[in-house]
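A.B. asks: One structure follows; several queries about it will come next.
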Amino acid sequence: MTEAEKPREGSLEAPTRHPIDWQSPEYYDQEALFGELDRVFDICHGCRRCFSLCNAFPTLFDAIDATDEGELEGVPRETYWEVVDQCYLCDMCYMSKCPYVPPHEWDVDFPHLMLRAKAQRFREQGAPLRDRVLSATDQVGSIAGVPVVAEVVNAANGNMAARLLLEKTLGVARDAPVPRYEARPARKRLAKLRQPRGDATVEPANGTTGKVILFTTCYGNYNLPQMCEDLVAIYRHNGIEVRLAATEQCCGMPKLELGDLKSVEAAKNVNVPELLAWVEQGYDIVAPVPSCVLMFKQELPLMFPDDDQVARVAEAFFDPFHYLHLRHRAGKLRTDFSQALGKVAYQVPCHLRVQNIGLKTRDVLALVPDTTVEVIERCSGHDGTYGVKARFREAAVRIATPVARRVDKAGADHFCSDCPMAAAQVGGLTSREAHTHPLRLLRSAYGI
């Protein structure tokens with residue numbers, strides 16, 4: 001009897017995660033990898049509960065169904081890599097669907113198995129230039145953010161001839177949403193935050209210190225600095241001190257999705273000591289992009305389970321709305337709102353859902369009088385660079401279309417998502433297209 005044929009008795013215990021043993025030789029052993037792929041794929045084939053999530057599972061199941069036997073044994077190994085490529089490490093199968101995750105005896109961790117496959121392939125083959133460029137968010141942002149260059153890049157991104165060239169050279173789909181680059185990044189706009197405020201009076205409350213370091217993120221720094229400015233305005237309005245670290249690099253999530261774990265380690269070696277120095281001074285840390293928060297709170301601790309510095313930074317890291325909600329529960333959040341928001345259609349990003357903190361963005365926005373929030377807990381199909389690549393564009397649009405339909409059906413005054421890339425992806429498929437970040441909505445509600 002194969003594991004897929006055994007009786008289904010899903011675990012009722014909370015999912016737990018094993019450390020990622022990425023520095024051991026066995027992690028990169030191809031025979032051991034394919035043995036584990038065989039085992040997990042066979043379990044997934046027998047269950048098929050995740051068929052409606054990403055495109056990795058339909059790719060696997062269609063390949064199995066196309067064999068004469070209708071079993072995994074007939075699927076060629078080349079197809080396994082197609083399944084790996086379709087996984088963008090959203091973690092939703094692990095956190096919301098799979099009944100066989102640890103501590104279940106079958107010990108299934110599909111996304112981290114896909115990560116292992118990506119890492120092995122990267123070590124053996126490297127990655128195409130186009131993938132290395134798209135995942136180099138810091139370097140691309142620093143170049144594209146130069147004032148004259150930013151104008152040229154933004155103009156090119158709006159020109160179909162240039163987009164066709166971009167599709168041919170870097171594989172970026174001609175119709176995929178691409179971000180603007182700002183000539184004045186957030187870290188320049190907010191440079192004064194590197195100096196302490198003499199008039200700041202902070203109050204610790206409910207596990208928060210009342211003073212934070214803002215990790216601007218690549219997107220917040222180069223593409224949407226307004227998001228960071230809004231966060232600072234809201235936090236200061238609520239008596240929270242906000243400072244800016246002296247240095248900051250990409251959190252490493254784009255490199256993780258590529259399987260380039262050494263580059264993840266290099267980014268960690270820059271970011272963690274800098275952030276830890278602030279934690280030791282009593283500061284918490286916030287970042288406005290869910291993927292970056294998840295990187296510091298989950299992936300880095302799993303990659304470096306014995307690193308005390310990583311653990312201490314992870315403990316101090318917060319989603320910005322979670323932080324505000326914790327303050328609210330302690331009576332430390334101002335509710336002197338001057339403007340209603342009306343109806344808000346709110347898409348919850350996957351990398352926020354898997355943090356298991358609840359719908360704190362919804363809860364904070366709902367504090368605004370005459371405001372209702374319609375929650376859409378479904379994937380946008382953007383997922384890092386996946387949704388912009390021509391190779392995956394059709395699948396990404398298919399994943400995002402149900403979300404776009406719900407946004408249109410809601411007839412809301414505003415559409416937002418904590419992930420600006422997800423919002424752009426969904427917005428481009430709606431009849432309205434316009435989207436606003438939740439931090440912008442909250443700031444406008446305060447009238448500040």
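Chain labels run A, B, ... following the order of the structure tokens; each chain numbers its residues from 1, and ligands are numbered from 1 in the order shown.
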Give me the residues near A:Thr217 as a ChimeraX atom specification, where near means some atom within 8 Å (using only C-alpha atoms) and where sequence neighbours in that chain fewer than 2 positions away do not count.

C.D. replies: /A:215,219-221,249-251,287-289,292

A.B. asks: Include N, CA and C atoms and write out the residues we just selected as a PDB file, in the first residue's frame.

C.D. replies:
ATOM      1  N   PHE A 215      11.805  49.534   8.409  1.00  0.00           N
ATOM      2  CA  PHE A 215      12.517  48.852   7.323  1.00  0.00           C
ATOM      3  C   PHE A 215      11.724  49.156   6.057  1.00  0.00           C
ATOM      4  N   TYR A 219      10.587  47.849  -2.359  1.00  0.00           N
ATOM      5  CA  TYR A 219       9.428  48.451  -3.029  1.00  0.00           C
ATOM      6  C   TYR A 219       9.062  49.773  -2.363  1.00  0.00           C
ATOM      7  N   GLY A 220       9.057  49.790  -1.046  1.00  0.00           N
ATOM      8  CA  GLY A 220       8.724  51.025  -0.356  1.00  0.00           C
ATOM      9  C   GLY A 220       9.748  52.113  -0.578  1.00  0.00           C
ATOM     10  N   ASN A 221      10.997  51.735  -0.736  1.00  0.00           N
ATOM     11  CA  ASN A 221      12.051  52.720  -0.922  1.00  0.00           C
ATOM     12  C   ASN A 221      12.061  53.296  -2.334  1.00  0.00           C
ATOM     13  N   GLN A 249      19.396  46.550   3.260  1.00  0.00           N
ATOM     14  CA  GLN A 249      19.443  45.821   1.998  1.00  0.00           C
ATOM     15  C   GLN A 249      18.129  45.079   1.803  1.00  0.00           C
ATOM     16  N   CYS A 250      17.944  44.543   0.607  1.00  0.00           N
ATOM     17  CA  CYS A 250      16.776  43.709   0.339  1.00  0.00           C
ATOM     18  C   CYS A 250      16.671  42.621   1.403  1.00  0.00           C
ATOM     19  N   CYS A 251      15.449  42.305   1.818  1.00  0.00           N
ATOM     20  CA  CYS A 251      15.241  41.295   2.853  1.00  0.00           C
ATOM     21  C   CYS A 251      15.724  39.914   2.422  1.00  0.00           C
ATOM     22  N   ALA A 287       7.780  46.818   8.814  1.00  0.00           N
ATOM     23  CA  ALA A 287       8.020  46.921   7.371  1.00  0.00           C
ATOM     24  C   ALA A 287       6.664  46.908   6.687  1.00  0.00           C
ATOM     25  N   PRO A 288       6.462  47.734   5.660  1.00  0.00           N
ATOM     26  CA  PRO A 288       5.138  47.869   5.058  1.00  0.00           C
ATOM     27  C   PRO A 288       4.764  46.810   4.032  1.00  0.00           C
ATOM     28  N   VAL A 289       5.675  45.880   3.704  1.00  0.00           N
ATOM     29  CA  VAL A 289       5.392  44.839   2.719  1.00  0.00           C
ATOM     30  C   VAL A 289       5.362  43.483   3.424  1.00  0.00           C
ATOM     31  N   CYS A 292       8.326  40.906   3.228  1.00  0.00           N
ATOM     32  CA  CYS A 292       9.545  41.255   3.954  1.00  0.00           C
ATOM     33  C   CYS A 292       9.405  40.930   5.434  1.00  0.00           C
TER      34      CYS A 292
END

A.B. asks: Skip stretch 51-55 of chain A itself and residues of its chain fewer than 4 positions away, then list as a CSV table (one decimal) with C-alpha atoms, in the first residue's frame all residues within 10 Å of it, counting only C-alpha atoms.

C.D. replies:
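This is the output file result.csv:
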chain,number,residue,atom,x,y,z
A,44,CYS,CA,-0.6,15.1,-3.0
A,45,HIS,CA,-1.9,12.9,-5.8
A,47,CYS,CA,-5.4,13.9,-1.6
A,59,THR,CA,0.5,20.9,-13.2
A,60,LEU,CA,1.3,17.8,-11.1
A,61,PHE,CA,-2.2,16.3,-11.3
A,82,GLU,CA,7.7,22.2,-14.1
A,83,VAL,CA,5.9,21.7,-10.8
A,85,ASP,CA,8.7,26.3,-11.3
A,86,GLN,CA,5.0,26.9,-10.7
A,87,CYS,CA,5.5,27.1,-6.9
A,88,TYR,CA,6.1,30.7,-5.7
A,89,LEU,CA,6.4,29.8,-2.0
A,90,CYS,CA,3.2,31.5,-0.9
A,92,MET,CA,-0.9,28.7,1.6
A,93,CYS,CA,-1.0,25.0,1.0
A,97,LYS,CA,-5.0,23.2,3.2
A,378,ARG,CA,-7.7,34.8,-2.2
A,379,CYS,CA,-4.3,34.9,-4.0
A,381,GLY,CA,-1.4,35.6,-8.6
A,392,PHE,CA,3.6,32.3,-16.2
A,395,ALA,CA,-1.6,31.2,-15.0
A,396,ALA,CA,-1.2,34.4,-12.9
A,398,ARG,CA,-6.2,32.9,-14.1
A,399,ILE,CA,-5.4,32.9,-10.4

A.B. asks: Find the residues around A:Gly342 up to 9 Å (only C-alpha atoms counted), leave out those fewer than 3 positions away in its own chain, and share them as a list of chain:residue names.

C.D. replies: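 Here the answer would be A:Pro369, A:Asp370, A:Thr371, A:Thr372, A:Val373, A:Ala412, A:Asp413, A:His414.
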
A.B. asks: Go ahead and save the picked residues with C-alpha atoms, as a PDB file, in the first residue's frame.

C.D. replies:
ATOM      1  CA  PRO A 369     -16.748  55.473  11.519  1.00  0.00           C
ATOM      2  CA  ASP A 370     -19.071  54.768   8.582  1.00  0.00           C
ATOM      3  CA  THR A 371     -16.575  52.315   7.128  1.00  0.00           C
ATOM      4  CA  THR A 372     -17.130  48.695   6.125  1.00  0.00           C
ATOM      5  CA  VAL A 373     -14.424  46.335   4.894  1.00  0.00           C
ATOM      6  CA  ALA A 412     -16.610  49.567  -3.109  1.00  0.00           C
ATOM      7  CA  ASP A 413     -15.383  53.124  -2.740  1.00  0.00           C
ATOM      8  CA  HIS A 414     -11.818  51.860  -2.406  1.00  0.00           C
TER       9      HIS A 414
END

A.B. asks: Taking only stretch 262-383 of chain A into account, list the residues labelled alpha helix (DSSP H) by DSSP (computed from the backbone), as a PyMOL selection string.

C.D. replies: chain A and resi 262-279+290-294+300-303+308-316+320-329+350-353+360-365

A.B. asks: Write a file of the just-selected residues containing C-alpha atoms, as a tab-separated table (two decimals), in the first residue's frame.

C.D. replies:
chain	number	residue	atom	x	y	z
A	262	LYS	CA	23.88	32.18	-0.30
A	263	SER	CA	22.60	35.60	-1.38
A	264	VAL	CA	19.91	35.34	1.29
A	265	GLU	CA	22.66	34.75	3.83
A	266	ALA	CA	24.64	37.73	2.53
A	267	ALA	CA	21.62	40.03	2.94
A	268	LYS	CA	21.01	38.63	6.41
A	269	ASN	CA	24.60	39.39	7.38
A	270	VAL	CA	24.04	43.07	6.54
A	271	ASN	CA	20.51	43.58	7.85
A	272	VAL	CA	20.40	41.58	11.06
A	273	PRO	CA	23.35	43.20	12.91
A	274	GLU	CA	22.08	46.67	12.02
A	275	LEU	CA	18.53	45.90	13.16
A	276	LEU	CA	19.71	44.10	16.28
A	277	ALA	CA	21.62	47.19	17.39
A	278	TRP	CA	18.29	49.05	17.45
A	279	VAL	CA	16.46	46.20	19.17
A	290	PRO	CA	4.11	41.47	4.08
A	291	SER	CA	6.73	39.38	2.25
A	292	CYS	CA	9.55	41.26	3.95
A	293	VAL	CA	7.97	40.83	7.38
A	294	LEU	CA	7.54	37.10	6.70
A	300	LEU	CA	15.43	33.54	8.27
A	301	PRO	CA	14.79	31.87	11.65
A	302	LEU	CA	14.18	28.57	9.86
A	303	MET	CA	17.34	28.97	7.79
A	308	ASP	CA	20.41	34.20	18.39
A	309	GLN	CA	20.66	37.52	16.55
A	310	VAL	CA	18.18	36.35	13.89
A	311	ALA	CA	15.81	35.13	16.60
A	312	ARG	CA	15.89	38.43	18.49
A	313	VAL	CA	15.25	40.46	15.34
A	314	ALA	CA	12.38	38.14	14.39
A	315	GLU	CA	10.78	38.59	17.80
A	316	ALA	CA	10.90	42.39	17.41
A	320	PRO	CA	2.45	47.68	10.68
A	321	PHE	CA	-1.29	47.15	11.21
A	322	HIS	CA	-0.68	44.38	13.73
A	323	TYR	CA	1.44	46.86	15.65
A	324	LEU	CA	-1.30	49.48	15.56
A	325	HIS	CA	-3.89	46.93	16.64
A	326	LEU	CA	-1.79	45.87	19.61
A	327	ARG	CA	-1.59	49.52	20.62
A	328	HIS	CA	-5.34	49.91	20.15
A	329	ARG	CA	-6.07	46.99	22.49
A	350	CYS	CA	-0.88	35.30	1.03
A	351	HIS	CA	2.31	36.28	2.85
A	352	LEU	CA	0.19	38.15	5.38
A	353	ARG	CA	-2.34	35.35	5.82
A	360	LYS	CA	-5.47	43.27	11.62
A	361	THR	CA	-5.59	45.61	8.61
A	362	ARG	CA	-9.34	45.05	8.39
A	363	ASP	CA	-9.76	45.51	12.13
A	364	VAL	CA	-7.93	48.84	12.20
A	365	LEU	CA	-9.68	50.24	9.11

A.B. asks: Which is closer to A:Thr401 than all the others in A:His382, A:Arg184, A:Lys168, A:Arg174, using only C-alpha atoms?

C.D. replies: A:His382

A.B. asks: Got a sec: who's within 12 Å of A:His18, counting only C-alpha atoms, leaving out chain neighbours fewer than 6 positions off, as number ranges by chain?

C.D. replies: A: 101-103, 107-109, 112-113, 298-299, 301-305

A.B. asks: Selected residues, C-alpha atoms, written as a PDB file, in the first residue's frame, please.

C.D. replies:
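See again19.pdb below for the written result:
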ATOM      1  CA  VAL A 101       1.994  18.879   7.679  1.00  0.00           C
ATOM      2  CA  PRO A 102       4.140  18.334  10.791  1.00  0.00           C
ATOM      3  CA  PRO A 103       3.447  17.122  13.434  1.00  0.00           C
ATOM      4  CA  ASP A 107       5.667  15.280   7.567  1.00  0.00           C
ATOM      5  CA  VAL A 108       4.674  17.072   4.333  1.00  0.00           C
ATOM      6  CA  ASP A 109       6.101  20.551   3.717  1.00  0.00           C
ATOM      7  CA  HIS A 112      10.009  24.018   1.545  1.00  0.00           C
ATOM      8  CA  LEU A 113      10.482  20.920  -0.592  1.00  0.00           C
ATOM      9  CA  GLN A 298       9.766  32.968   9.509  1.00  0.00           C
ATOM     10  CA  GLU A 299      12.234  32.153   6.751  1.00  0.00           C
ATOM     11  CA  PRO A 301      14.786  31.874  11.654  1.00  0.00           C
ATOM     12  CA  LEU A 302      14.185  28.568   9.863  1.00  0.00           C
ATOM     13  CA  MET A 303      17.342  28.968   7.787  1.00  0.00           C
ATOM     14  CA  PHE A 304      19.446  29.995  10.797  1.00  0.00           C
ATOM     15  CA  PRO A 305      17.790  28.251  13.763  1.00  0.00           C
TER      16      PRO A 305
END

A.B. asks: Dump as a tab-separated table the rows for residues of stretch 179-298 of chain A within 7 Å of stretch 136-154 of chain A: closest atom pair and distance in Å with one decimal, only C-alpha atoms counted, ordered by chain and rising residue number.

C.D. replies:
residue	atom	partner	partner_atom	distance
A:Arg180	CA	A:Asn154	CA	5.8
A:Tyr181	CA	A:Gly145	CA	5.5
A:Glu182	CA	A:Gly145	CA	5.5
A:Ala183	CA	A:Pro147	CA	4.4
A:Cys218	CA	A:Asp138	CA	6.0
A:Tyr222	CA	A:Gly141	CA	5.6
A:Gln249	CA	A:Asp138	CA	6.8
A:Cys250	CA	A:Asp138	CA	5.9
